[in-house]
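The structure appears below as structure tokens.
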There are 2 protein chains.
Amino acid sequence: MDKVDKYREIIQQLIQQEYAGDRYTIKDVDRELIFDTKNHHYQIVNVGWEGDRCIYGCVLHFDIKEEKIWLQYNGTEIDFAEELVKAGVPHQDIVIRHLQKSKIKSILIHKLSIISPYCLLPDELLPVASFLEMSIGFHSPFMRQFTEYAVS
Amino acid sequence: MDKVDKYREIIQQLIQQEYAGDRYTIKDVDRELIFDTKNHHYQIVNVGWEGDRCIYGCVLHFDIKEEKIWLQYNGTEIDFAEELVKAGVPHQDIVIRHLQKSKIKSILIHKLSIISPYCLLPDELLPVASFLEMSIGFHSPFMRQFTEYAVS
């Protein structure tokens, strides 16, 4: 099987597993599976209402570009890079652009502990991150030094 | 031509026009065109970097469901419902779930003018909106009463 076909199958299977888990069960919110198999974009997007409030947000987004898998967005707690490795994708074919929430939190705890001696609870960290304009992705040399994954 | 085929063509044309305009020209940010023609999801998504900061966001998202066009997300200043009408789609086949930014601002100005006698500049309104948890979509009876569009 062609490498891109194999990667397409792996991604679709991972996304469908996550979708089937269906942990997001707000009544008026739909989870959309979006598979653009021609241009290789694969997503889960939440669309709906919480009362009168408009809900819209990507949950998960993979692309295939130049025979590599790009994890463009990961709004879950699951380490999908690790899941790709388990499914047989080599580290050097995985480009991580966005980490799962728990990893973002642990990086922020590490970075904030350098700046401040006070303890911050993880849930308080995400607004602080955008305020401080910290790097929370894989683009920074700080993150990249620890892994074997490809670099965007 | 089948109605759904016609709507698919209209949506793809509108999205491609918006994409070709390419007003978002930050160096390391890609605009992705995502067309899932099987399940009828059509998007533009921005993906990239601003220095070390991870950029990810939907610009535009249409769906076709039950022979109607759903404007799921509109992060532009263009009134795409009006563009659909110009392209020959009847009002009753258009479901607006998300308004363009300028309409959100004008609704907020209207709503805030009831609460506060002070004048707020439009750019100050969006954070105020989330704080007050105001309805900024088309789900509220407040918005729906003014139009002929379909209701979600």
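Labels used: A, B, ... for chains in the order of the structure tokens, numbers from 1 for residues in each chain, and numbers from 1 for ligands as shown.
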Within 12 Å of Val85 of chain B, counting only C-alpha atoms, which residues show up once you throw out same-chain ones fewer than 4 positions away? Write them as a PDB file with C-alpha atoms, in the first residue's frame, please.
```pdb
ATOM      1  CA  TYR B   7     -25.552  24.347  -3.564  1.00  0.00           C
ATOM      2  CA  ILE B  10     -22.208  27.807  -5.125  1.00  0.00           C
ATOM      3  CA  ILE B  11     -20.469  27.239  -1.777  1.00  0.00           C
ATOM      4  CA  LEU B  14     -17.855  31.571  -2.739  1.00  0.00           C
ATOM      5  CA  ILE B  69     -27.092  25.593   3.464  1.00  0.00           C
ATOM      6  CA  ASP B  79     -22.340  38.899   4.757  1.00  0.00           C
ATOM      7  CA  PHE B  80     -22.225  35.418   3.222  1.00  0.00           C
ATOM      8  CA  ALA B  81     -25.961  34.877   3.718  1.00  0.00           C
ATOM      9  CA  VAL B  89     -30.333  30.464  -2.966  1.00  0.00           C
ATOM     10  CA  PRO B  90     -33.767  31.231  -1.469  1.00  0.00           C
ATOM     11  CA  HIS B  91     -33.832  32.705   2.077  1.00  0.00           C
ATOM     12  CA  GLN B  92     -35.685  29.686   3.463  1.00  0.00           C
ATOM     13  CA  ASP B  93     -32.811  27.386   2.405  1.00  0.00           C
ATOM     14  CA  ILE B  94     -30.217  29.367   4.401  1.00  0.00           C
ATOM     15  CA  VAL B  95     -29.616  28.683   8.097  1.00  0.00           C
ATOM     16  CA  GLU B 148     -36.686  35.657   6.454  1.00  0.00           C
ATOM     17  CA  TYR B 149     -33.868  33.115   6.898  1.00  0.00           C
TER      18      TYR B 149
END
```
Compile the contact shell of His40 of chain B as a compact mmCIF listing (two decimals) with C-alpha atoms, in the first residue's frame: residues with an atom at most 10 Å away, counting only C-alpha atoms, same-chain residues fewer than 3 positions apart removed.
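Saved to out.txt:
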```txt
# COMPACT_ATOMS: atom_id res chain seq x y z
CA ILE A 34 -14.76 16.30 8.24
CA PHE A 35 -12.69 14.15 5.85
CA ASP A 36 -11.24 15.92 2.81
CA VAL B 4 -27.52 19.70 -3.40
CA TYR B 7 -25.55 24.35 -3.56
CA ARG B 8 -22.19 22.54 -3.43
CA ILE B 11 -20.47 27.24 -1.78
CA PHE B 35 -13.78 20.46 1.03
CA ASP B 36 -15.48 17.29 2.29
CA THR B 37 -17.76 16.85 -0.74
CA PHE B 62 -20.56 26.03 5.43
CA ASP B 63 -22.46 22.72 5.60
CA ILE B 64 -25.27 21.31 3.48
CA LYS B 65 -27.83 19.46 5.63
CA ILE B 69 -27.09 25.59 3.46
```
Atom CA of Asn74 of chain A to atom CA of Val47 of chain B, distance in Å rounded to a single decimal: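 It comes out at 12.6 Å.
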8 Å contact set for Ile15 of chain A, only C-alpha atoms, chain neighbours under 5 positions out, as a VMD selection string: chain A and resid 42 to 44 60
Proximity to chain A - best of B:Glu9, B:Glu77, B:Gly88, B:Arg97, only C-alpha atoms: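 Among B:Glu9, B:Glu77, B:Gly88, B:Arg97, it is B:Arg97 that comes nearest to chain A.
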Interatomic distance (Å, one decimal) between atom CA of Ile55 of chain A and atom CA of Gly21 of chain A: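 Taking atom CA of Ile55 of chain A as the start and atom CA of Gly21 of chain A as the end point, the length is 19.7 Å.
Ranking B:Lys38, B:Lys3, B:Arg31, B:Arg53 by their shortest atom-to-atom distance to chain A, with only C-alpha atoms included, puts B:Arg53 first.
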Best match for closeness to chain A among B:Leu33, B:Ala87, B:Val59, B:Ile78, counting only C-alpha atoms: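 Result for the nearest residue to chain A: B:Leu33.
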